[in-house]
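For reference, run05.cif is printed below; it contains mmCIF, C-alpha atoms.
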```cif
data_target
#
loop_
_atom_site.label_atom_id
_atom_site.label_comp_id
_atom_site.auth_asym_id
_atom_site.auth_seq_id
_atom_site.Cartn_x
_atom_site.Cartn_y
_atom_site.Cartn_z
CA MET A 1 13.49 -17.15 15.56
CA VAL A 2 15.06 -13.70 15.13
CA LYS A 3 17.93 -13.88 12.68
CA GLY A 4 20.62 -11.37 11.71
CA LEU A 5 21.30 -11.82 8.03
CA MET A 6 24.69 -10.11 8.15
CA GLY A 7 25.92 -12.54 10.79
CA ARG A 8 25.22 -15.43 8.43
CA LEU A 9 26.83 -13.66 5.49
CA ALA A 10 30.01 -13.12 7.47
CA ALA A 11 30.51 -16.88 7.66
CA GLY A 12 31.41 -17.01 3.98
CA ALA A 13 34.30 -14.76 3.00
CA ALA A 14 33.67 -15.16 -0.71
CA VAL A 15 29.99 -14.27 -0.35
CA ALA A 16 30.82 -11.31 1.86
CA ALA A 17 33.36 -10.04 -0.63
CA MET A 18 30.77 -10.24 -3.37
CA LEU A 19 28.08 -8.41 -1.40
CA ALA A 20 30.23 -5.84 0.39
CA PRO A 21 30.04 -3.18 -2.36
CA THR A 22 26.26 -3.40 -2.43
CA LEU A 23 25.44 -2.80 1.23
CA ALA A 24 23.77 0.37 2.47
CA CYS A 25 23.55 1.84 5.94
CA ALA A 26 20.19 1.86 7.69
CA ALA A 27 18.18 5.09 7.69
CA GLN A 28 18.37 7.37 10.70
CA LEU A 29 15.31 8.11 12.81
CA ASP A 30 13.51 11.33 11.91
CA PRO A 31 10.62 12.08 14.32
CA ALA A 32 9.46 14.94 12.07
CA GLN A 33 8.68 12.33 9.42
CA GLY A 34 6.85 10.07 11.87
CA ASP A 35 9.71 7.85 12.99
CA GLY A 36 9.75 6.25 16.44
CA GLY A 37 7.39 4.76 18.98
CA VAL A 38 7.78 1.14 17.84
CA PRO A 39 9.82 -1.76 19.27
CA ALA A 40 13.48 -2.32 18.41
CA PHE A 41 12.45 -5.09 16.00
CA TYR A 42 11.64 -2.45 13.39
CA GLN A 43 15.02 -0.72 13.42
CA TRP A 44 17.73 -2.60 11.54
CA THR A 45 21.03 -1.29 12.87
CA GLU A 46 23.34 -3.25 10.57
CA ALA A 47 23.98 -2.61 6.90
CA VAL A 48 21.03 -3.50 4.67
CA PRO A 49 21.83 -6.10 2.01
CA ALA A 50 21.10 -5.08 -1.56
CA THR A 51 19.40 -8.39 -2.32
CA PRO A 52 15.72 -7.39 -2.57
CA GLY A 53 13.56 -9.71 -0.53
CA ALA A 54 16.32 -10.94 1.78
CA MET A 55 14.72 -11.77 5.13
CA LEU A 56 16.42 -9.80 7.91
CA ARG A 57 14.59 -11.24 10.90
CA THR A 58 11.27 -12.61 12.10
CA GLU A 59 9.39 -12.96 15.35
CA PRO A 60 5.96 -14.26 16.35
CA LEU A 61 3.21 -11.68 16.15
CA PRO A 62 1.62 -10.81 19.50
CA ALA A 63 -1.40 -13.04 20.05
CA GLU A 64 -3.83 -10.14 19.77
CA LEU A 65 -2.60 -9.37 16.25
CA VAL A 66 -2.90 -12.92 14.91
CA LEU A 67 -5.99 -13.33 12.74
CA ALA A 68 -8.57 -15.82 13.98
CA ASN A 69 -8.35 -18.01 10.89
CA ALA A 70 -4.55 -18.12 10.97
CA ALA A 71 -2.65 -21.02 12.48
CA ARG A 72 0.36 -18.76 12.81
CA GLY A 73 1.22 -15.08 12.57
CA VAL A 74 4.77 -13.90 11.98
CA ARG A 75 6.17 -10.37 12.07
CA ILE A 76 8.79 -9.94 9.35
CA LEU A 77 11.57 -7.50 8.51
CA TYR A 78 13.07 -7.76 5.05
CA ALA A 79 15.28 -5.89 2.59
CA SER A 80 13.67 -3.87 -0.17
CA THR A 81 14.59 -1.00 -2.46
CA ASN A 82 13.80 2.64 -1.73
CA GLY A 83 11.10 3.37 -4.26
CA ILE A 84 11.79 7.09 -4.30
CA ASP A 85 15.40 6.95 -5.49
CA GLY A 86 15.02 3.49 -7.03
CA LYS A 87 18.33 2.13 -5.75
CA THR A 88 19.01 2.41 -2.01
CA PRO A 89 18.47 -0.80 0.00
CA THR A 90 16.00 -0.22 2.81
CA PRO A 91 14.36 -2.40 5.46
CA VAL A 92 10.59 -2.86 5.34
CA SER A 93 8.36 -4.57 7.88
CA GLY A 94 5.19 -6.59 7.57
CA ALA A 95 3.38 -9.75 8.66
CA LEU A 96 2.70 -13.24 7.39
CA PHE A 97 -0.39 -15.28 8.23
CA LEU A 98 -0.57 -19.02 7.52
CA PRO A 99 -3.89 -20.91 7.22
CA LYS A 100 -4.94 -23.67 9.54
CA GLY A 101 -4.51 -27.28 8.52
CA ALA A 102 -1.94 -29.00 6.33
CA PRO A 103 -0.68 -27.14 3.24
CA PRO A 104 -1.68 -28.59 -0.13
CA ALA A 105 0.86 -30.21 -2.43
CA GLY A 106 3.18 -27.45 -3.61
CA GLY A 107 2.46 -25.24 -0.60
CA TRP A 108 -0.10 -22.62 0.41
CA PRO A 109 -1.11 -20.28 -2.43
CA LEU A 110 -0.02 -16.78 -1.40
CA MET A 111 -1.99 -13.54 -1.34
CA ALA A 112 -0.07 -10.28 -0.95
CA TRP A 113 -2.26 -7.77 0.90
CA SER A 114 -1.79 -4.04 0.31
CA HIS A 115 -3.45 -2.07 3.11
CA GLY A 116 -5.33 1.21 2.79
CA THR A 117 -4.38 4.53 4.35
CA VAL A 118 -3.45 4.27 8.02
CA GLY A 119 -1.24 7.37 8.35
CA VAL A 120 2.45 8.13 7.90
CA ALA A 121 3.80 7.61 11.43
CA ASP A 122 5.65 4.42 12.36
CA VAL A 123 3.10 3.67 15.08
CA CYS A 124 0.44 3.26 12.38
CA ALA A 125 2.14 0.23 10.79
CA PRO A 126 -0.47 -2.57 10.81
CA SER A 127 2.03 -5.20 11.98
CA PHE A 128 2.38 -3.09 15.15
CA ALA A 129 -0.92 -1.21 15.52
CA GLY A 130 -3.25 -3.92 14.30
CA ARG A 131 -5.97 -3.75 11.65
CA SER A 132 -9.51 -2.45 11.28
CA GLN A 133 -12.35 -4.89 11.82
CA ARG A 134 -13.18 -4.55 8.12
CA ASP A 135 -9.70 -5.71 7.13
CA ILE A 136 -9.68 -8.44 9.78
CA ASN A 137 -12.90 -9.86 8.33
CA TYR A 138 -11.53 -9.58 4.80
CA LEU A 139 -8.22 -11.30 5.48
CA ASN A 140 -9.90 -13.99 7.58
CA HIS A 141 -12.05 -14.77 4.55
CA TRP A 142 -9.01 -15.41 2.36
CA LEU A 143 -7.34 -17.51 5.06
CA ALA A 144 -10.49 -19.63 5.27
CA GLN A 145 -10.17 -20.24 1.52
CA GLY A 146 -6.76 -21.80 2.13
CA TYR A 147 -4.57 -18.87 1.10
CA ALA A 148 -1.60 -17.60 3.08
CA VAL A 149 -1.43 -13.81 3.42
CA VAL A 150 1.69 -11.65 3.44
CA ALA A 151 1.00 -8.04 4.41
CA SER A 152 3.67 -5.39 3.90
CA ASP A 153 3.59 -2.29 6.08
CA TYR A 154 5.19 -0.38 3.15
CA GLN A 155 8.43 1.59 3.11
CA GLY A 156 8.76 3.94 6.06
CA LEU A 157 5.81 2.65 8.11
CA GLY A 158 7.26 1.01 11.23
CA THR A 159 10.78 1.30 9.86
CA PRO A 160 13.03 4.42 9.84
CA GLY A 161 12.65 6.93 7.03
CA GLY A 162 9.50 8.77 6.01
CA HIS A 163 6.59 6.88 4.52
CA PRO A 164 6.13 8.06 0.90
CA TYR A 165 2.36 8.19 1.19
CA MET A 166 0.53 7.31 -2.03
CA ALA A 167 3.73 7.04 -4.09
CA SER A 168 3.21 3.94 -6.21
CA ARG A 169 6.73 2.63 -6.82
CA PRO A 170 7.75 2.46 -3.13
CA ALA A 171 4.57 0.55 -2.32
CA ALA A 172 5.03 -1.81 -5.26
CA TYR A 173 8.63 -2.58 -4.35
CA SER A 174 7.63 -3.17 -0.73
CA VAL A 175 4.87 -5.59 -1.70
CA LEU A 176 6.95 -7.50 -4.27
CA ASP A 177 9.83 -7.88 -1.84
CA SER A 178 7.50 -9.12 0.89
CA VAL A 179 6.53 -11.92 -1.50
CA ARG A 180 10.17 -12.71 -2.22
CA ALA A 181 11.03 -12.74 1.47
CA VAL A 182 8.38 -15.22 2.56
CA GLN A 183 8.59 -17.44 -0.52
CA HIS A 184 12.30 -17.88 0.12
CA GLY A 185 11.61 -18.80 3.74
CA ASP A 186 10.56 -22.07 5.31
CA PHE A 187 6.84 -21.32 5.43
CA GLY A 188 5.42 -23.96 3.10
CA LEU A 189 4.30 -21.52 0.41
CA SER A 190 3.67 -22.10 -3.26
CA LYS A 191 5.24 -19.99 -5.99
CA GLU A 192 1.94 -18.51 -7.19
CA VAL A 193 0.75 -15.18 -5.82
CA VAL A 194 -2.30 -12.93 -6.20
CA ILE A 195 -2.01 -9.26 -5.25
CA VAL A 196 -4.90 -7.77 -3.22
CA GLY A 197 -5.46 -4.22 -2.00
CA GLN A 198 -7.92 -1.53 -0.94
CA SER A 199 -7.84 2.28 -1.31
CA GLN A 200 -4.19 3.36 -1.00
CA GLY A 201 -3.60 -0.38 -1.15
CA GLY A 202 -5.78 -0.70 -4.24
CA GLY A 203 -3.42 1.71 -5.94
CA ALA A 204 -0.46 -0.18 -4.48
CA ALA A 205 -1.87 -3.48 -5.78
CA PHE A 206 -2.42 -2.08 -9.28
CA ALA A 207 1.08 -0.59 -9.24
CA THR A 208 2.56 -3.85 -7.94
CA ALA A 209 1.01 -5.74 -10.83
CA GLY A 210 2.58 -3.28 -13.25
CA TYR A 211 6.07 -3.29 -11.73
CA ALA A 212 6.22 -7.07 -11.27
CA SER A 213 7.45 -7.83 -14.78
CA THR A 214 10.44 -5.48 -14.50
CA TYR A 215 11.32 -5.40 -10.79
CA ALA A 216 10.53 -9.02 -9.87
CA PRO A 217 10.10 -10.97 -13.13
CA GLU A 218 10.76 -14.29 -11.39
CA LEU A 219 7.53 -14.04 -9.38
CA ASP A 220 4.47 -15.89 -10.66
CA VAL A 221 1.80 -13.19 -10.29
CA ARG A 222 -1.50 -14.76 -11.30
CA GLY A 223 -3.81 -11.76 -10.85
CA THR A 224 -4.75 -8.69 -8.85
CA VAL A 225 -7.80 -7.65 -6.82
CA ALA A 226 -8.16 -3.91 -6.19
CA THR A 227 -11.04 -2.07 -4.55
CA GLY A 228 -11.47 1.67 -4.08
CA THR A 229 -8.50 2.24 -6.38
CA PRO A 230 -7.28 5.84 -6.75
CA TRP A 231 -5.83 7.44 -9.86
CA VAL A 232 -4.50 10.82 -8.83
CA THR A 233 -3.67 13.32 -11.56
CA PRO A 234 -3.79 17.14 -11.32
CA ARG A 235 -6.98 17.32 -13.37
CA ILE A 236 -8.76 14.51 -11.53
CA PHE A 237 -7.64 15.87 -8.15
CA GLN A 238 -9.07 19.28 -8.91
CA ALA A 239 -12.33 17.77 -10.08
CA VAL A 240 -12.93 15.54 -7.06
CA THR A 241 -11.92 18.18 -4.48
CA ALA A 242 -13.73 21.16 -6.01
CA ALA A 243 -17.01 20.62 -4.18
CA GLY A 244 -15.43 20.36 -0.73
CA ARG A 245 -12.86 23.13 -0.85
CA ASP A 246 -14.86 25.41 1.42
CA LYS A 247 -16.44 22.95 3.88
CA PRO A 248 -14.82 20.51 6.31
CA GLN A 249 -14.70 16.89 5.17
CA ALA A 250 -12.81 14.08 6.87
CA THR A 251 -11.33 13.04 3.52
CA PHE A 252 -9.30 16.27 3.51
CA GLY A 253 -7.04 14.40 5.91
CA TYR A 254 -5.64 12.54 2.89
CA VAL A 255 -4.43 15.83 1.44
CA LEU A 256 -2.71 16.78 4.69
CA LEU A 257 -0.87 13.45 4.67
CA MET A 258 0.27 14.12 1.10
CA LEU A 259 2.22 17.09 2.45
CA TYR A 260 4.63 14.60 4.02
CA LEU A 261 5.40 13.16 0.59
CA ILE A 262 6.18 16.66 -0.68
CA ARG A 263 8.47 17.18 2.30
CA GLN A 264 10.36 13.96 1.54
CA THR A 265 10.91 14.72 -2.12
CA ASP A 266 11.42 18.49 -2.03
CA PRO A 267 13.95 19.74 0.57
CA SER A 268 12.78 23.32 0.06
CA PHE A 269 9.25 22.53 1.24
CA GLN A 270 8.48 23.58 4.80
CA PHE A 271 5.07 23.23 6.43
CA ALA A 272 5.33 26.73 7.94
CA ASP A 273 5.62 28.31 4.49
CA TYR A 274 2.32 26.84 3.34
CA VAL A 275 0.18 25.67 6.26
CA SER A 276 -2.00 28.09 8.24
CA ASP A 277 -1.89 28.31 12.03
CA LYS A 278 -5.39 26.87 12.05
CA ALA A 279 -4.31 23.69 10.23
CA MET A 280 -0.81 23.25 11.64
CA PRO A 281 -1.85 21.09 14.65
CA ALA A 282 -3.63 18.62 12.36
CA VAL A 283 -0.69 18.49 9.97
CA LYS A 284 1.83 17.91 12.76
CA LEU A 285 -0.43 15.23 14.21
CA GLY A 286 0.47 13.17 11.17
CA ALA A 287 3.97 12.61 12.61
CA THR A 288 2.66 11.04 15.83
CA GLY A 289 -0.90 9.95 15.16
CA CYS A 290 -2.78 7.94 12.56
CA LEU A 291 -5.45 8.60 9.96
CA GLN A 292 -8.43 8.59 12.30
CA GLY A 293 -6.87 11.25 14.51
CA VAL A 294 -6.01 13.45 11.54
CA GLU A 295 -9.53 13.10 10.13
CA GLU A 296 -11.08 13.94 13.50
CA ALA A 297 -8.86 17.03 13.74
CA VAL A 298 -10.00 18.14 10.27
CA VAL A 299 -13.64 17.98 11.30
CA ASP A 300 -13.21 19.30 14.85
CA ASP A 301 -11.08 22.26 13.72
CA GLY A 302 -13.25 23.02 10.70
CA LEU A 303 -10.41 22.62 8.21
CA THR A 304 -10.91 23.11 4.49
CA TYR A 305 -8.61 23.49 1.53
CA GLU A 306 -9.32 27.22 1.60
CA ASN A 307 -8.50 27.92 5.27
CA SER A 308 -5.64 25.43 5.73
CA PHE A 309 -3.04 27.16 3.57
CA ILE A 310 -1.42 30.57 3.63
CA LYS A 311 0.22 29.77 0.30
CA ASP A 312 -1.37 27.67 -2.43
CA PRO A 313 0.30 24.21 -2.45
CA THR A 314 -1.18 23.22 -5.82
CA GLU A 315 2.14 23.41 -7.67
CA LYS A 316 3.85 21.29 -5.01
CA LEU A 317 1.01 18.76 -5.01
CA ASN A 318 1.04 18.52 -8.80
CA ALA A 319 4.73 17.66 -8.63
CA VAL A 320 4.14 14.62 -6.41
CA PHE A 321 1.07 13.41 -8.29
CA GLY A 322 3.53 12.04 -10.83
CA LEU A 323 4.86 9.73 -8.11
CA MET A 324 1.32 8.42 -7.60
CA GLY A 325 0.92 7.21 -11.19
CA TYR A 326 1.35 3.72 -12.57
CA ALA A 327 4.24 2.23 -14.53
CA THR A 328 1.70 0.73 -16.92
CA LEU A 329 -2.07 0.68 -17.29
CA ALA A 330 -1.90 -2.84 -18.75
CA PRO A 331 -0.47 -5.32 -16.21
CA ALA A 332 0.35 -8.73 -17.59
CA ALA A 333 -2.10 -10.60 -15.35
CA PRO A 334 -5.87 -9.95 -15.09
CA VAL A 335 -7.16 -7.37 -12.64
CA PHE A 336 -10.41 -7.38 -10.65
CA MET A 337 -11.59 -3.87 -9.77
CA GLY A 338 -14.42 -3.23 -7.32
CA THR A 339 -16.07 0.17 -6.84
CA GLY A 340 -18.62 1.25 -4.27
CA ALA A 341 -21.20 3.46 -5.99
CA LEU A 342 -21.40 5.61 -2.83
CA ASP A 343 -17.62 5.95 -2.41
CA LYS A 344 -16.75 9.45 -1.15
CA ASP A 345 -13.09 8.75 -0.39
CA VAL A 346 -12.15 7.72 -3.93
CA PRO A 347 -15.16 8.91 -5.96
CA PRO A 348 -16.44 6.52 -8.62
CA PRO A 349 -15.55 8.89 -11.51
CA MET A 350 -11.87 8.62 -10.49
CA GLN A 351 -12.02 4.83 -10.40
CA GLN A 352 -14.01 4.68 -13.64
CA ALA A 353 -11.42 6.86 -15.40
CA LEU A 354 -8.71 4.37 -14.42
CA ILE A 355 -10.80 1.40 -15.55
CA ARG A 356 -11.59 2.99 -18.93
CA SER A 357 -7.99 3.93 -19.54
CA ALA A 358 -6.70 0.52 -18.46
CA CYS A 359 -9.18 -1.17 -20.80
CA ALA A 360 -8.12 1.13 -23.62
CA ALA A 361 -4.49 0.22 -22.92
CA GLY A 362 -5.25 -3.47 -23.36
CA ALA A 363 -5.53 -4.60 -19.74
CA ARG A 364 -7.74 -7.53 -18.81
CA ILE A 365 -10.06 -5.84 -16.34
CA GLU A 366 -13.03 -7.43 -14.59
CA ALA A 367 -14.81 -4.39 -13.18
CA HIS A 368 -17.76 -4.39 -10.79
CA GLU A 369 -19.67 -1.48 -9.27
CA TYR A 370 -21.73 -2.06 -6.12
CA GLU A 371 -24.88 -0.05 -5.57
CA GLY A 372 -25.47 1.05 -2.00
CA LEU A 373 -21.88 0.44 -0.89
CA ASP A 374 -19.36 3.11 0.07
CA HIS A 375 -15.56 3.08 0.06
CA SER A 376 -15.27 0.71 3.00
CA GLY A 377 -18.31 -1.39 2.16
CA ALA A 378 -16.95 -2.40 -1.22
CA VAL A 379 -14.09 -4.34 0.40
CA ASN A 380 -16.08 -7.24 1.83
CA GLY A 381 -19.05 -6.47 -0.41
CA SER A 382 -17.02 -7.48 -3.45
CA LEU A 383 -16.07 -10.93 -2.12
CA GLY A 384 -18.93 -12.66 -3.93
CA ASP A 385 -17.27 -11.70 -7.21
CA SER A 386 -13.60 -11.55 -6.25
CA THR A 387 -13.49 -14.99 -4.59
CA PRO A 388 -14.20 -16.91 -7.82
CA PHE A 389 -11.85 -14.53 -9.67
CA VAL A 390 -9.00 -15.43 -7.30
CA LYS A 391 -9.79 -19.13 -7.52
CA LYS A 392 -9.62 -18.98 -11.32
CA ALA A 393 -6.42 -16.94 -11.20
CA PHE A 394 -4.63 -19.44 -8.97
CA ALA A 395 -5.89 -22.30 -11.15
CA GLY A 396 -4.45 -20.66 -14.24
CA GLU A 397 -7.83 -20.38 -15.92
CA THR A 398 -8.34 -17.77 -18.62
CA ILE A 399 -9.85 -14.53 -17.32
CA GLY A 400 -10.78 -12.24 -20.16
CA GLY A 401 -12.46 -9.52 -18.13
CA ASN A 402 -15.45 -7.41 -19.11
CA CYS A 403 -13.83 -4.46 -20.86
CA ALA A 404 -15.60 -5.29 -24.12
CA ASP A 405 -19.02 -5.37 -22.46
CA ASN A 406 -18.86 -2.30 -20.26
CA TRP A 407 -15.83 -0.11 -20.75
CA ALA A 408 -13.97 -0.40 -24.05
CA THR A 409 -16.48 1.69 -25.98
CA GLN A 410 -16.25 4.60 -23.54
CA PRO A 411 -13.46 7.12 -24.05
CA ALA A 412 -10.43 6.98 -21.78
CA GLN A 413 -10.11 10.03 -19.52
#
```
This entry written out as structure tokens:
Amino acid sequence: MVKGLMGRLAAGAAVAAMLAPTLACAAQLDPAQGDGGVPAFYQWTEAVPATPGAMLRTEPLPAELVLANAARGVRILYASTNGIDGKTPTPVSGALFLPKGAPPAGGWPLMAWSHGTVGVADVCAPSFAGRSQRDINYLNHWLAQGYAVVASDYQGLGTPGGHPYMASRPAAYSVLDSVRAVQHGDFGLSKEVVIVGQSQGGGAAFATAGYASTYAPELDVRGTVATGTPWVTPRIFQAVTAAGRDKPQATFGYVLLMLYLIRQTDPSFQFADYVSDKAMPAVKLGATGCLQGVEEAVVDDGLTYENSFIKDPTEKLNAVFGLMGYATLAPAAPVFMGTGALDKDVPPPMQQALIRSACAAGARIEAHEYEGLDHSGAVNGSLGDSTPFVKKAFAGETIGGNCADNWATQPAQ
């Protein structure tokens, strides 16, 4: 049933008086940042409560978006905190999937899914646009294991306001507040949660694990599963993009989407000052289309780092790479990290650098590399190892990781 939280708050004058100073107005639509094209459900027109994780409203997911192994799919809209400024209440959308059958004593164990790159436009939000077959198979697996799945769209995807693509704190806040929202609801969920993510979502999952102890210390985060996890720094970025700077590669689409993050955080940045005429159509496509369309435009138009810019954006990119870092390299709970040896989207050296540094920082990392698997293949290809990891995590069993065997003796990068 769709519910307006502010209508319920108004019933109690004392509660309203307490919350009134902490309400924020909803963001305005900005088509240049990808806003629009989604149903009214996604636009919260009342003030947004400053209670992170407050559920704003729900509705049943359309039948075609409900996963096969789910007894029920719910579209959710909840209050979170703008991860860019760290204080402004903002609405975030997502979905909840409940397993079939009767919940166990204490409720369904909860997995918080962090999706990979879909784009920056509202119409790319998975709770509206749907999910790839790879992700459908993956989430159906976890549902079959008896885990509920909450899946945030992230700040600015579906909802008004630009999506801060690859920025770690906004994603972490969005994921943590999705957990709060559904655990406070009447969905029969347990208090334990495992964070799971791939690619952009692998970074979001790792970041979520790190921010949990400070932003949402009441949550019982038992562990994290991350595959294809990026660690973007100026030096690593230069190293992994050097080989492809003069030839078209679909992965250059990620860089074009990063320009939207620059635009959100630096008012002086204008596409026209940096982007060539040749690349401008692909860049602008980001405001209305999704990742696949941007990647196809990169290949079809022969775009490279060298021919896409009339002014070098390196300084601007370096400035936002700081937003893509992690609050800590040593989350409190153990972390499973899966890497496809043939990954071209997030090259193994980037993932290995993160693993080595996390191990050196004292994290409990269980790292696996999969020969013959690429970026996408590692998602479901890692299930043979990640499934027992998750089972142990929910059971509260000790997970020491394999840093000592494979990573601790190698220098952090």
Please enumerate the residues selected by the PyMOL selection byres ((chain A and resi 274) around 7) when evaluated against the supplied file, formatted as number ranges by chain. A: 271-273, 275-276, 309-313
Care to translate the PyMOL selection byres ((chain A and resi 65-75) around 7) into actual residues of this file, as a short mmCIF file (atom, residue, chain, number, x, y, z; two decimals) with C-alpha atoms, keeping the file's coordinate frame?
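And here is the file that came out, part.cif:
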```cif
data_model
loop_
_atom_site.label_atom_id
_atom_site.label_comp_id
_atom_site.auth_asym_id
_atom_site.auth_seq_id
_atom_site.Cartn_x
_atom_site.Cartn_y
_atom_site.Cartn_z
CA THR A 58 11.27 -12.61 12.10
CA GLU A 59 9.39 -12.96 15.35
CA PRO A 60 5.96 -14.26 16.35
CA LEU A 61 3.21 -11.68 16.15
CA PRO A 62 1.62 -10.81 19.50
CA ALA A 63 -1.40 -13.04 20.05
CA GLU A 64 -3.83 -10.14 19.77
CA ILE A 76 8.79 -9.94 9.35
CA GLY A 94 5.19 -6.59 7.57
CA ALA A 95 3.38 -9.75 8.66
CA LEU A 96 2.70 -13.24 7.39
CA PHE A 97 -0.39 -15.28 8.23
CA LEU A 98 -0.57 -19.02 7.52
CA PRO A 99 -3.89 -20.91 7.22
CA LYS A 100 -4.94 -23.67 9.54
CA SER A 127 2.03 -5.20 11.98
CA GLY A 130 -3.25 -3.92 14.30
CA ILE A 136 -9.68 -8.44 9.78
CA ASN A 140 -9.90 -13.99 7.58
CA LEU A 143 -7.34 -17.51 5.06
CA ALA A 144 -10.49 -19.63 5.27
#
```
Atom-to-atom span, atom CA of Ala327 of chain A and atom CA of Val225 of chain A, Å: 17.4 Å
For the structure provided, state which residues fall under the PyMOL selection byres ((chain A and resi 398-401) around 7), and present them as a ChimeraX atom specification. /A:334,364-366,396-397,402-403
Serialized selection, C-alpha atoms, as an mmCIF file, in the frame of the given file:
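Result file follows (out_12.cif):
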```cif
data_model
loop_
_atom_site.group_PDB
_atom_site.id
_atom_site.type_symbol
_atom_site.label_atom_id
_atom_site.label_comp_id
_atom_site.auth_asym_id
_atom_site.auth_seq_id
_atom_site.Cartn_x
_atom_site.Cartn_y
_atom_site.Cartn_z
ATOM 1 C CA PRO A 334 -5.870 -9.950 -15.090
ATOM 2 C CA ARG A 364 -7.740 -7.530 -18.810
ATOM 3 C CA ILE A 365 -10.060 -5.840 -16.340
ATOM 4 C CA GLU A 366 -13.030 -7.430 -14.590
ATOM 5 C CA GLY A 396 -4.450 -20.660 -14.240
ATOM 6 C CA GLU A 397 -7.830 -20.380 -15.920
ATOM 7 C CA ASN A 402 -15.450 -7.410 -19.110
ATOM 8 C CA CYS A 403 -13.830 -4.460 -20.860
#
```
Taking a cut-off of 7 Å and counting only C-alpha atoms, can you build a table that, for each residue of segment 59-177 of chain A near segment 25-45 of chain A, reports the nearest atom pair and how far apart they are in Å (one decimal), sorted by chain then residue number, as a tab-separated table?
```
residue	atom	partner	partner_atom	distance
A:Thr90	CA	A:Ala26	CA	6.8
A:Pro91	CA	A:Trp44	CA	7.0
A:Ser93	CA	A:Tyr42	CA	6.8
A:Val120	CA	A:Gly34	CA	6.2
A:Ala121	CA	A:Gly34	CA	3.9
A:Asp122	CA	A:Asp35	CA	5.4
A:Val123	CA	A:Gly37	CA	5.9
A:Gly158	CA	A:Tyr42	CA	6.0
A:Thr159	CA	A:Tyr42	CA	5.2
A:Pro160	CA	A:Leu29	CA	5.3
A:Gly161	CA	A:Ala27	CA	5.9
A:Gly162	CA	A:Gln33	CA	5.0
```
Excluding segment 251-260 of chain A and any residue of its chain fewer than 2 positions from it, enumerate the residues within 6 Å of it, using all atoms listed in the file, and give them as a list in words. Gln249, Ile262, Arg263, Val283, Val294 and Glu295 of chain A
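Residue nearest Thr314 of chain A, chosen from A:Ser190, A:Thr288, A:Ser213, A:Thr241 and counting all atoms listed in the file: A:Thr241.
Proximity ranking of A:Glu369, A:Glu306, A:Glu192, A:Asp374 relative to Val179 of chain A places A:Glu192 first, based on all atoms listed in the file.
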Pick from A:Gly106, A:Gly228, A:Gly101, A:Pro267, whichever lies nearest to Ala378 of chain A using all atoms listed in the file: A:Gly228
Which one of A:Asp405, A:Asp277, A:Asp153, A:Asp343 sits closest to Leu303 of chain A if you count all atoms listed in the file?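 Comparing A:Asp405, A:Asp277, A:Asp153, A:Asp343 against Leu303 of chain A, the winner is A:Asp277.
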For atom CA of Lys87 of chain A and atom CA of Leu261 of chain A, quote the distance in Å rounded to one decimal.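 If I compute the distance from atom CA of Lys87 of chain A to atom CA of Leu261 of chain A, I get 18.1 Å.
Taking only C-alpha atoms into account, Leu285 of chain A lies nearest to A:Gly119 out of the set A:Gln351, A:Val175, A:Gly119, A:Pro230.
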Work out how far apart atom CA of Ile236 of chain A and atom CA of Cys290 of chain A are and give it in Å to one decimal.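 Computing the Euclidean distance for atom CA of Ile236 of chain A and atom CA of Cys290 of chain A yields 25.7 Å.
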List every residue of segment 324-393 of chain A that has an atom at most 10 Å from any atom of segment 201-206 of chain A, and for each one report the closest atom pair and its distance in Å to one decimal, counting only C-alpha atoms, with rows sorted by chain and then by increasing residue number, as a tab-separated table.
```
residue	atom	partner	partner_atom	distance
A:Met324	CA	A:Gly203	CA	8.4
A:Gly325	CA	A:Gly203	CA	8.8
A:Tyr326	CA	A:Phe206	CA	7.7
A:Ala327	CA	A:Phe206	CA	9.5
A:Thr328	CA	A:Phe206	CA	9.1
A:Leu329	CA	A:Phe206	CA	8.5
A:Ala330	CA	A:Phe206	CA	9.5
A:Pro331	CA	A:Phe206	CA	7.9
A:Val335	CA	A:Phe206	CA	7.9
A:Phe336	CA	A:Phe206	CA	9.7
A:Met337	CA	A:Gly202	CA	8.6
A:Gly338	CA	A:Gly202	CA	9.5
```
Padded axis-aligned box of segment 125-136 of chain A (6 Å per side), centre and edge lengths, Å, one decimal, as lines of an AutoDock Vina configuration file:
```
center_x = -5.4
center_y = -4.1
center_z = 11.3
size_x = 27.6
size_y = 20.7
size_z = 20.4
```
Once you count only C-alpha atoms, which residues end up no further than 6 Å from (0.3, -16.5, -0.1) in the file's frame, shown as a ChimeraX atom specification? /A:109-111,147-149,193
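Take the candidates A:Leu77, A:Leu219, A:Val379, A:Leu139 and check each one against Ser152 of chain A using all atoms listed in the file; the shortest distance goes to A:Leu77.
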